[in-house]
Protein chains: 2
Amino acid sequence: MDKLYTITELTREFGISTRTLRFYEDEGLVHPERRGRTRLFRPSDRRIIQNILRGRRIGFTIAEIREIILAYREPPGELGQLNLMLKRVTEKRDELKQRRKDIDETITELDMIEEQALTRLAEIGVGS
Amino acid sequence: MDKLYTITELTREFGISTRTLRFYEDEGLVHPERRGRTRLFRPSDRRIIQNILRGRRIGFTIAEIREIILAYREPPGELGQLNLMLKRVTEKRDELKQRRKDIDETITELDMIEEQALTRLAEIGVGS
DNA sequence: ATTGACTTTTACGTTAAGGTCAATAGAATG
DNA sequence: CATTCTATTGACCTTAACGTAAAAGTCAAT
């Protein structure tokens with residue numbers, strides 16, 4: 001029977017606006033049914049929204065997110081396209097690994113800032 | 001004697017435009033000297049640019065990047081400010097850990113897409 | 001002295017990802 | 001049935017992070 005979600009249910013669950021969901025529909029990322037004019041989102045749409053938000057947090061553009069979603073559910077049949085896709089996958093993965101490195105380095109930097117701040121706090125705490 | 005860099009040296013090294021570097025100066029992130037009107041970037045500016053680009057890859061805004069840079073070189077003296085900073089550091093670190101999780105999940109997804117594509121390739125390769 | 005490579009400032013243009021607002025339409029509830 | 005939510009569509013608006021173009025200065029080399 002697969003529950004259907006109204007637009008506001010999803011905005012509340014994910015902390016996004018109705019405008020955002022309609023925008024994702026315009027962009028062809030989700031395809032809610034309609035009862036009259038009202039949108040009803042299927043569980044599959046809900047999962048796609050989760051994917052979109054994850055991609056968004058990483059910093060992917062909508063175009064990149066769409067590309068991944070499409071690649072996932074409609075792997076191309078033609079040889080050239082398949083090879084192209086494999087290349088793009090490798091590129092994206094390398095990019096992601098680089099970003100992971102960036103993140104680790106930044107976390108280290110934050111640790112250092114924290115340490116400095118704690119030291120100063122201790123000094124002030126003692127001195128006052 | 002600390003080498004100084006011209007703007008184009010840096011644009012070439014980092015693959016960014018002069019406009020971008022001037023923008024970063026307007027934003028108060030770098031402070032090149034001037035010989036006449038021409039900018040001359042110090043090694044410290046160069047390192048800051050590397051940090052900016054790393055933050056950019058992660059998806060931080062200029063405002064966030066500036067905040068981290070400032071926190072690093074001018075830890076606040078006042079107690080309230082220090083505590084505030086510690087809170088913000090913790091927040092940012094949590095955010096970064098979430099993003100790393102997002103990245104790992106996305107890499108897994110890419111692996112699956114690749115696998116599918118390789119399977120199809122094998123089928124086609126055999127069939128033709 | 002002119003060319004060519006760079007550089008500067010000023011200022012308007014662009015793009016992505018929504019925000020915001022107005023007018024209208026259904027749905028639900030008393 | 002009237003009212004009250006909630007949704008929809010369409011339109012224009014916004015912000016960050018630069019792009020781009022114009023007009024002019026600098027400096028070394030030809």
# chains A, B, ... in the order shown; residues from 1 in each chain; ligands from 1
>>> interface_residues(of="chain B", to="chain D", cutoff="12 Å", atoms="only C-alpha atoms (C1' of nucleotides)", output="PyMOL selection string")
chain B and resi 16-24+27+35-38+56+59-63
>>> select_by_dssp(residues="range 21-124 of chain A", states="strand (DSSP E)", output="PyMOL selection string")
chain A and resi 33-35+38-40
>>> write_last_selection(atoms="C-alpha atoms", output="mmCIF file, in the first residue's frame")
data_model
loop_
_atom_site.group_PDB
_atom_site.id
_atom_site.type_symbol
_atom_site.label_atom_id
_atom_site.label_comp_id
_atom_site.auth_asym_id
_atom_site.auth_seq_id
_atom_site.Cartn_x
_atom_site.Cartn_y
_atom_site.Cartn_z
ATOM 1 C CA GLU A 33 1.725 11.806 -8.515
ATOM 2 C CA ARG A 34 -1.181 14.204 -8.500
ATOM 3 C CA ARG A 35 -4.483 13.983 -6.798
ATOM 4 C CA THR A 38 -1.926 18.358 -5.277
ATOM 5 C CA ARG A 39 1.384 16.533 -5.243
ATOM 6 C CA LEU A 40 1.736 13.158 -3.599
#
>>> select_by_dssp(residues="chain B", states="alpha helix (DSSP H)", output="VMD selection string")
chain B and resid 7 to 14 18 to 26 43 to 58 62 to 73 79 to 127
>>> write_last_selection(atoms="C-alpha atoms", output="tab-separated table (two decimals), in the first residue's frame")
chain	number	residue	atom	x	y	z
B	7	ILE	CA	49.41	37.99	-9.32
B	8	THR	CA	49.84	35.96	-12.49
B	9	GLU	CA	52.35	33.63	-10.92
B	10	LEU	CA	49.73	32.71	-8.40
B	11	THR	CA	46.89	32.45	-10.90
B	12	ARG	CA	49.02	30.00	-12.86
B	13	GLU	CA	50.08	28.01	-9.85
B	14	PHE	CA	46.56	27.63	-8.52
B	18	THR	CA	43.23	37.51	-11.25
B	19	ARG	CA	39.67	38.55	-10.58
B	20	THR	CA	39.45	35.87	-7.93
B	21	LEU	CA	42.60	37.04	-6.19
B	22	ARG	CA	41.47	40.64	-6.21
B	23	PHE	CA	38.16	39.51	-4.87
B	24	TYR	CA	39.91	37.72	-2.01
B	25	GLU	CA	41.80	40.91	-1.27
B	26	ASP	CA	38.59	42.93	-1.24
B	43	PRO	CA	54.51	33.56	1.13
B	44	SER	CA	52.00	33.95	3.94
B	45	ASP	CA	49.44	35.16	1.42
B	46	ARG	CA	50.24	32.16	-0.69
B	47	ARG	CA	49.55	29.81	2.18
B	48	ILE	CA	46.29	31.57	2.90
B	49	ILE	CA	45.26	31.11	-0.70
B	50	GLN	CA	45.89	27.40	-0.36
B	51	ASN	CA	43.65	27.37	2.68
B	52	ILE	CA	40.95	29.30	0.87
B	53	LEU	CA	40.99	26.88	-2.02
B	54	ARG	CA	40.80	23.93	0.30
B	55	GLY	CA	37.84	25.47	2.08
B	56	ARG	CA	36.27	26.21	-1.25
B	57	ARG	CA	36.56	22.60	-2.37
B	58	ILE	CA	34.84	21.52	0.81
B	62	ILE	CA	34.03	32.93	1.97
B	63	ALA	CA	32.54	34.09	5.26
B	64	GLU	CA	33.17	30.72	6.86
B	65	ILE	CA	36.67	30.56	5.49
B	66	ARG	CA	37.42	34.01	6.81
B	67	GLU	CA	36.13	33.02	10.21
B	68	ILE	CA	38.47	30.05	10.38
B	69	ILE	CA	41.45	32.05	9.18
B	70	LEU	CA	40.82	34.79	11.70
B	71	ALA	CA	40.26	32.33	14.53
B	72	TYR	CA	43.55	30.78	13.69
B	73	ARG	CA	45.69	33.87	13.74
B	79	LEU	CA	36.18	34.71	27.89
B	80	GLY	CA	32.74	34.91	26.28
B	81	GLN	CA	34.26	35.08	22.84
B	82	LEU	CA	36.49	32.11	23.58
B	83	ASN	CA	33.57	29.99	24.68
B	84	LEU	CA	31.58	31.05	21.66
B	85	MET	CA	34.48	30.05	19.47
B	86	LEU	CA	34.77	26.67	21.09
B	87	LYS	CA	31.11	26.08	20.39
B	88	ARG	CA	31.48	27.08	16.75
B	89	VAL	CA	34.52	24.85	16.37
B	90	THR	CA	32.58	21.88	17.68
B	91	GLU	CA	29.71	22.64	15.34
B	92	LYS	CA	31.92	22.93	12.31
B	93	ARG	CA	33.73	19.74	13.17
B	94	ASP	CA	30.47	17.84	13.50
B	95	GLU	CA	29.37	19.24	10.18
B	96	LEU	CA	32.60	18.10	8.59
B	97	LYS	CA	32.24	14.62	10.00
B	98	GLN	CA	28.76	14.42	8.53
B	99	ARG	CA	30.11	15.49	5.18
B	100	ARG	CA	32.77	12.84	5.34
B	101	LYS	CA	30.05	10.29	5.92
B	102	ASP	CA	28.14	11.69	2.96
B	103	ILE	CA	31.24	11.35	0.85
B	104	ASP	CA	31.87	7.77	1.87
B	105	GLU	CA	28.29	6.84	1.07
B	106	THR	CA	28.48	8.53	-2.28
B	107	ILE	CA	31.72	6.74	-3.11
B	108	THR	CA	30.00	3.46	-2.34
B	109	GLU	CA	27.20	4.45	-4.67
B	110	LEU	CA	29.67	5.26	-7.40
B	111	ASP	CA	31.27	1.86	-6.90
B	112	MET	CA	27.91	0.25	-7.50
B	113	ILE	CA	27.30	2.27	-10.62
B	114	GLU	CA	30.71	1.26	-11.89
B	115	GLU	CA	30.01	-2.37	-11.21
B	116	GLN	CA	26.74	-2.25	-13.12
B	117	ALA	CA	28.47	-0.57	-16.02
B	118	LEU	CA	31.27	-3.14	-16.08
B	119	THR	CA	28.73	-5.94	-16.10
B	120	ARG	CA	26.93	-4.41	-19.07
B	121	LEU	CA	30.21	-3.90	-20.82
B	122	ALA	CA	31.08	-7.55	-20.38
B	123	GLU	CA	27.69	-8.58	-21.79
B	124	ILE	CA	28.07	-6.36	-24.78
B	125	GLY	CA	31.66	-7.36	-25.31
B	126	VAL	CA	30.71	-11.02	-25.35
B	127	GLY	CA	27.57	-10.58	-27.40
>>> atom_distance(atom1="CA of Phe41 in chain A", atom2="CA of Tyr5 in chain A")
4.9 Å
>>> closest_atom_pairs(of="chain C", to="chain B", cutoff="12 Å", atoms="only C-alpha atoms (C1' of nucleotides)", output="tab-separated table")
residue	atom	partner	partner_atom	distance
C:DA5	C1'	B:Thr8	CA	11.3
C:DC6	C1'	B:Thr8	CA	8.4
C:DT7	C1'	B:Thr38	CA	6.6
C:DT8	C1'	B:Arg37	CA	6.9
C:DT9	C1'	B:Arg37	CA	10.3
>>> closest_residue(among="B:Leu4, B:Gly15, B:Pro76, B:Leu29", to="chain A", atoms="only C-alpha atoms")
B:Pro76
>>> atom_distance(atom1="CA of His31 in chain B", atom2="C1' of DT10 in chain C")
20.4 Å
